[in-house]
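Trainee: Below is one structure. I have some questions about it.
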Amino acid sequence: MNISAILKYLTELRDNNNREWYHAHKAEYKAANAEFEALIQALIFSIGEFDPSVLHNAPQTLTFKLNRDTRFSHDKSPYNPAFRAHISSMGKLPVPVGYYLMIKPGEQSFLGGGLFADMFKDATTMVRDYISANGEEWEQIVNAPDFKKHFTVHGTALKNVPAGYDREHPQAEYLKFKSWYLEYPIRDAALDNAEQFLACATELFRLMKPFNDYLNKALAGFQMPTR
């Protein structure tokens with residue numbers, strides 16, 4: 001499990017972000033991808049010690065492609081120089097929420113949890129309704145000392161509390177959100193020692209679990225839209 005090799009490949013892809021370079025260095029991609037899948041497998045096993053629901057996953061089913069959709073972007077670079085994976089009880093689907101990892105050179109790597117996708121209006125409504133009805137439990141989770149030490153809840157949000165919700169609710173600021181997620185930044189140097197990183201990531205994901213569990217209770221019964 002050589003995370004430095006992953007960073008090296010991604011750095012070179014970032015600096016040579018074109019199809020010619022990518023296809024000429026397929027062997028390097030395959031080697032780096034194999035290291036990433038080995039890391040994901042190790043994370044599955046370590047997360048499985050406190051969340052057995054993830055243990056059935058195969059690493060290759062949890063990762064995302066490097067290709068970018070450039071149709072509506074001014075940046076026409078064909079690849080996102082990042083290896084990404086989402087580990088949950090249902091694989092890499094955004095719901096149920098789980099444990100997210102992005103390795104991207106230039107101090108852009110992070111560990112994540114929660115609901116990143118804000119395009120699913122039903123999911124947003126379900127979480128808002130749950131926070132509105134179970135605000136005390138939410139408060140306990142986000143204000144727990146270990147949680148506050150490491151995390152801040154992020155998400156796209158409205159300027160005002162949406163219609164139908166109490167503007168004076170104790171969690172009114174969170175009711176404005178359309179997504180609720182965590183990002184813990186990882187410096188490139190922290191990836192030099194794979195075993196230390198694995199231990200650190202496992203502990204941070206363990207601290208995220210109550211937050212994920214809360215959102216998954218809110219999202220119980222949610223159905224992903226069909227294409």
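Starting from 1 in every chain, residues are counted up; chains themselves are A, B, ... following the order of the structure tokens, and ligands are numbered from 1 as listed.
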Give me the residues near Gly98 in chain A as a ChimeraX atom specification, where near means some atom within 12 Å (using only C-alpha atoms) and where sequence neighbours in that chain fewer than 4 positions away do not count.

Mentor: /A:44,47-48,51,53-54,62,85-94,111-116,181-182,205-206,208-216

Trainee: Kindly provide the residues of range 173-209 of chain A that approach range 38-43 of chain A to within 10 Å, each paired with its closest atom pair and their distance in Å to one decimal, based on only C-alpha atoms, listed by chain and increasing number, as JSON lines.

Mentor:
{"residue": "A:Ala194", "atom": "CA", "partner": "A:Leu39", "partner_atom": "CA", "distance": 8.3}
{"residue": "A:Glu195", "atom": "CA", "partner": "A:Leu39", "partner_atom": "CA", "distance": 9.7}
{"residue": "A:Phe197", "atom": "CA", "partner": "A:Leu39", "partner_atom": "CA", "distance": 9.9}
{"residue": "A:Leu198", "atom": "CA", "partner": "A:Leu43", "partner_atom": "CA", "distance": 6.9}
{"residue": "A:Ala199", "atom": "CA", "partner": "A:Leu43", "partner_atom": "CA", "distance": 9.1}
{"residue": "A:Ala201", "atom": "CA", "partner": "A:Leu43", "partner_atom": "CA", "distance": 8.1}
{"residue": "A:Thr202", "atom": "CA", "partner": "A:Leu43", "partner_atom": "CA", "distance": 6.9}
{"residue": "A:Phe205", "atom": "CA", "partner": "A:Leu43", "partner_atom": "CA", "distance": 9.6}

Trainee: Mind running range 57-167 of chain A against range 11-23 of chain A at 12 Å and telling me each contacting residue's nearest atom pair with the distance in Å (one decimal), counting only C-alpha atoms, chain and number ascending, as a tab-separated table?

Mentor:
residue	atom	partner	partner_atom	distance
A:Leu66	CA	A:Leu13	CA	10.1
A:Asn67	CA	A:Arg19	CA	10.0
A:Arg68	CA	A:Asn17	CA	11.0
A:Asp75	CA	A:Asn17	CA	11.1
A:Lys76	CA	A:Asn18	CA	9.5
A:Ser77	CA	A:Asn17	CA	6.0
A:Pro78	CA	A:Asn18	CA	6.3
A:Tyr79	CA	A:Asn17	CA	6.4
A:Asn80	CA	A:Arg14	CA	7.8
A:Pro81	CA	A:Arg14	CA	5.4
A:Ala82	CA	A:Arg14	CA	8.9
A:Phe83	CA	A:Thr11	CA	11.5
A:Ile103	CA	A:Thr11	CA	10.7
A:Lys104	CA	A:Thr11	CA	8.1
A:Pro105	CA	A:Thr11	CA	5.9
A:Gly106	CA	A:Thr11	CA	8.1
A:Glu107	CA	A:Thr11	CA	11.3
A:Gln108	CA	A:Thr11	CA	11.6

Trainee: Since we have the selection now, will you write its residues out, keeping all heavy atoms, as a short mmCIF file (atom, residue, chain, number, x, y, z; two decimals), in the first residue's frame?

Mentor:
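So the final result, stored in selection.cif, reads:
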data_model
loop_
_atom_site.label_atom_id
_atom_site.label_comp_id
_atom_site.auth_asym_id
_atom_site.auth_seq_id
_atom_site.Cartn_x
_atom_site.Cartn_y
_atom_site.Cartn_z
N LEU A 66 -11.70 9.07 -13.41
CA LEU A 66 -10.92 10.30 -13.50
C LEU A 66 -11.51 11.28 -14.51
O LEU A 66 -11.27 12.49 -14.42
CB LEU A 66 -9.48 9.99 -13.92
CG LEU A 66 -8.64 9.14 -12.96
CD1 LEU A 66 -7.26 8.90 -13.58
CD2 LEU A 66 -8.50 9.82 -11.61
N ASN A 67 -12.27 10.77 -15.46
CA ASN A 67 -12.80 11.61 -16.54
C ASN A 67 -13.72 12.71 -16.00
O ASN A 67 -14.52 12.46 -15.09
CB ASN A 67 -13.58 10.77 -17.55
CG ASN A 67 -12.74 9.65 -18.12
OD1 ASN A 67 -12.42 8.70 -17.43
ND2 ASN A 67 -12.40 9.76 -19.39
N ARG A 68 -13.59 13.90 -16.55
CA ARG A 68 -14.44 15.02 -16.20
C ARG A 68 -15.50 15.25 -17.28
O ARG A 68 -15.25 15.05 -18.46
CB ARG A 68 -13.61 16.32 -16.05
CG ARG A 68 -12.62 16.32 -14.92
CD ARG A 68 -11.85 17.63 -14.86
NE ARG A 68 -12.72 18.77 -14.63
CZ ARG A 68 -12.99 19.73 -15.52
NH1 ARG A 68 -12.43 19.70 -16.73
NH2 ARG A 68 -13.79 20.73 -15.22
N ASP A 75 -13.23 25.08 -17.96
CA ASP A 75 -12.02 24.25 -17.87
C ASP A 75 -12.23 22.98 -18.68
O ASP A 75 -13.07 22.15 -18.33
CB ASP A 75 -11.74 23.91 -16.39
CG ASP A 75 -10.51 23.03 -16.22
OD1 ASP A 75 -9.81 22.75 -17.22
OD2 ASP A 75 -10.24 22.61 -15.07
N LYS A 76 -11.51 22.84 -19.77
CA LYS A 76 -11.70 21.69 -20.64
C LYS A 76 -10.69 20.57 -20.37
O LYS A 76 -10.55 19.66 -21.19
CB LYS A 76 -11.59 22.13 -22.11
CG LYS A 76 -12.66 23.14 -22.52
CD LYS A 76 -14.07 22.59 -22.31
CE LYS A 76 -15.14 23.61 -22.73
NZ LYS A 76 -16.53 23.09 -22.47
N SER A 77 -10.00 20.64 -19.24
CA SER A 77 -9.09 19.55 -18.87
C SER A 77 -9.88 18.26 -18.79
O SER A 77 -10.91 18.19 -18.10
CB SER A 77 -8.43 19.83 -17.52
OG SER A 77 -7.73 21.05 -17.54
N PRO A 78 -9.44 17.21 -19.48
CA PRO A 78 -10.28 16.01 -19.57
C PRO A 78 -10.32 15.17 -18.29
O PRO A 78 -11.21 14.33 -18.15
CB PRO A 78 -9.62 15.22 -20.71
CG PRO A 78 -8.21 15.70 -20.75
CD PRO A 78 -8.25 17.15 -20.35
N TYR A 79 -9.37 15.38 -17.35
CA TYR A 79 -9.30 14.50 -16.19
C TYR A 79 -9.27 15.30 -14.89
O TYR A 79 -8.72 16.41 -14.82
CB TYR A 79 -8.05 13.61 -16.26
CG TYR A 79 -7.98 12.83 -17.55
CD1 TYR A 79 -7.05 13.18 -18.54
CD2 TYR A 79 -8.85 11.78 -17.81
CE1 TYR A 79 -7.00 12.49 -19.74
CE2 TYR A 79 -8.81 11.10 -19.02
CZ TYR A 79 -7.88 11.45 -19.98
OH TYR A 79 -7.84 10.78 -21.17
N ASN A 80 -9.87 14.71 -13.88
CA ASN A 80 -9.76 15.23 -12.52
C ASN A 80 -8.63 14.46 -11.86
O ASN A 80 -8.78 13.25 -11.61
CB ASN A 80 -11.07 15.03 -11.77
CG ASN A 80 -10.98 15.52 -10.33
OD1 ASN A 80 -10.05 16.24 -9.97
ND2 ASN A 80 -11.95 15.13 -9.51
N PRO A 81 -7.49 15.09 -11.57
CA PRO A 81 -6.36 14.34 -11.00
C PRO A 81 -6.59 13.99 -9.54
O PRO A 81 -5.94 14.51 -8.63
CB PRO A 81 -5.19 15.32 -11.19
CG PRO A 81 -5.82 16.67 -11.13
CD PRO A 81 -7.16 16.52 -11.77
N ALA A 82 -7.54 13.11 -9.30
CA ALA A 82 -7.91 12.72 -7.95
C ALA A 82 -8.43 11.29 -7.97
O ALA A 82 -9.17 10.90 -8.88
CB ALA A 82 -8.98 13.66 -7.40
N PHE A 83 -8.05 10.53 -6.95
CA PHE A 83 -8.66 9.22 -6.72
C PHE A 83 -9.68 9.39 -5.61
O PHE A 83 -9.36 9.91 -4.54
CB PHE A 83 -7.61 8.19 -6.33
CG PHE A 83 -6.82 7.64 -7.50
CD1 PHE A 83 -5.58 7.07 -7.30
CD2 PHE A 83 -7.32 7.68 -8.78
CE1 PHE A 83 -4.85 6.54 -8.36
CE2 PHE A 83 -6.61 7.16 -9.86
CZ PHE A 83 -5.37 6.60 -9.64
N ILE A 103 -8.06 11.59 -2.64
CA ILE A 103 -6.63 11.87 -2.66
C ILE A 103 -6.34 12.72 -3.89
O ILE A 103 -6.56 12.28 -5.02
CB ILE A 103 -5.80 10.57 -2.68
CG1 ILE A 103 -6.02 9.79 -1.39
CG2 ILE A 103 -4.31 10.89 -2.87
CD1 ILE A 103 -5.23 8.49 -1.30
N LYS A 104 -5.88 13.94 -3.65
CA LYS A 104 -5.61 14.88 -4.72
C LYS A 104 -4.42 15.73 -4.33
O LYS A 104 -4.43 16.35 -3.26
CB LYS A 104 -6.84 15.76 -4.98
CG LYS A 104 -6.72 16.64 -6.23
CD LYS A 104 -8.04 17.32 -6.53
CE LYS A 104 -7.98 18.08 -7.85
NZ LYS A 104 -9.29 18.69 -8.20
N PRO A 105 -3.38 15.75 -5.15
CA PRO A 105 -2.16 16.49 -4.77
C PRO A 105 -2.40 17.99 -4.69
O PRO A 105 -3.37 18.51 -5.26
CB PRO A 105 -1.18 16.14 -5.90
CG PRO A 105 -2.04 15.76 -7.06
CD PRO A 105 -3.26 15.12 -6.47
N GLY A 106 -1.50 18.67 -3.98
CA GLY A 106 -1.64 20.11 -3.80
C GLY A 106 -2.45 20.46 -2.58
O GLY A 106 -3.17 21.47 -2.58
N GLU A 107 -2.35 19.62 -1.54
CA GLU A 107 -3.07 19.84 -0.27
C GLU A 107 -4.58 19.88 -0.47
O GLU A 107 -5.29 20.65 0.18
CB GLU A 107 -2.59 21.14 0.40
CG GLU A 107 -1.09 21.33 0.46
CD GLU A 107 -0.37 20.28 1.30
OE1 GLU A 107 -1.03 19.42 1.91
OE2 GLU A 107 0.88 20.31 1.34
N GLN A 108 -5.09 19.05 -1.38
CA GLN A 108 -6.52 19.03 -1.64
C GLN A 108 -7.20 17.73 -1.22
O GLN A 108 -8.39 17.54 -1.47
CB GLN A 108 -6.79 19.28 -3.13
CG GLN A 108 -6.33 20.65 -3.61
CD GLN A 108 -6.75 20.93 -5.04
OE1 GLN A 108 -7.93 21.13 -5.34
NE2 GLN A 108 -5.79 20.92 -5.94
#

Trainee: Enumerate the residues of range 91-219 of chain A with a DSSP assignment of alpha helix (DSSP H), computed from the backbone, and present them as a count of residues only.

Mentor: 56

Trainee: Tell me, in Å to one decimal, how far CA of Pro96 in chain A is from CA of Thr61 in chain A.

Mentor: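 Here the two named atoms are 15.4 Å from each other.
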
Trainee: List the neighbours of Arg84 in chain A out to 8 Å using only C-alpha atoms; skip same-chain residues closer than 4 positions along the sequence, and give me the result as a list in words.

Mentor: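 My reading of the contact set: Thr63, Phe64, Tyr100, Leu101, Met102 and Ile103 of chain A.
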
Trainee: Give the answer as one residue: which of A:His25, A:Lys178, A:Arg167, A:His150 has the shortest atom-to-atom distance to Leu207 in chain A, using only C-alpha atoms?

Mentor: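 Checking each candidate against Leu207 in chain A, we get A:His150 as the closest.
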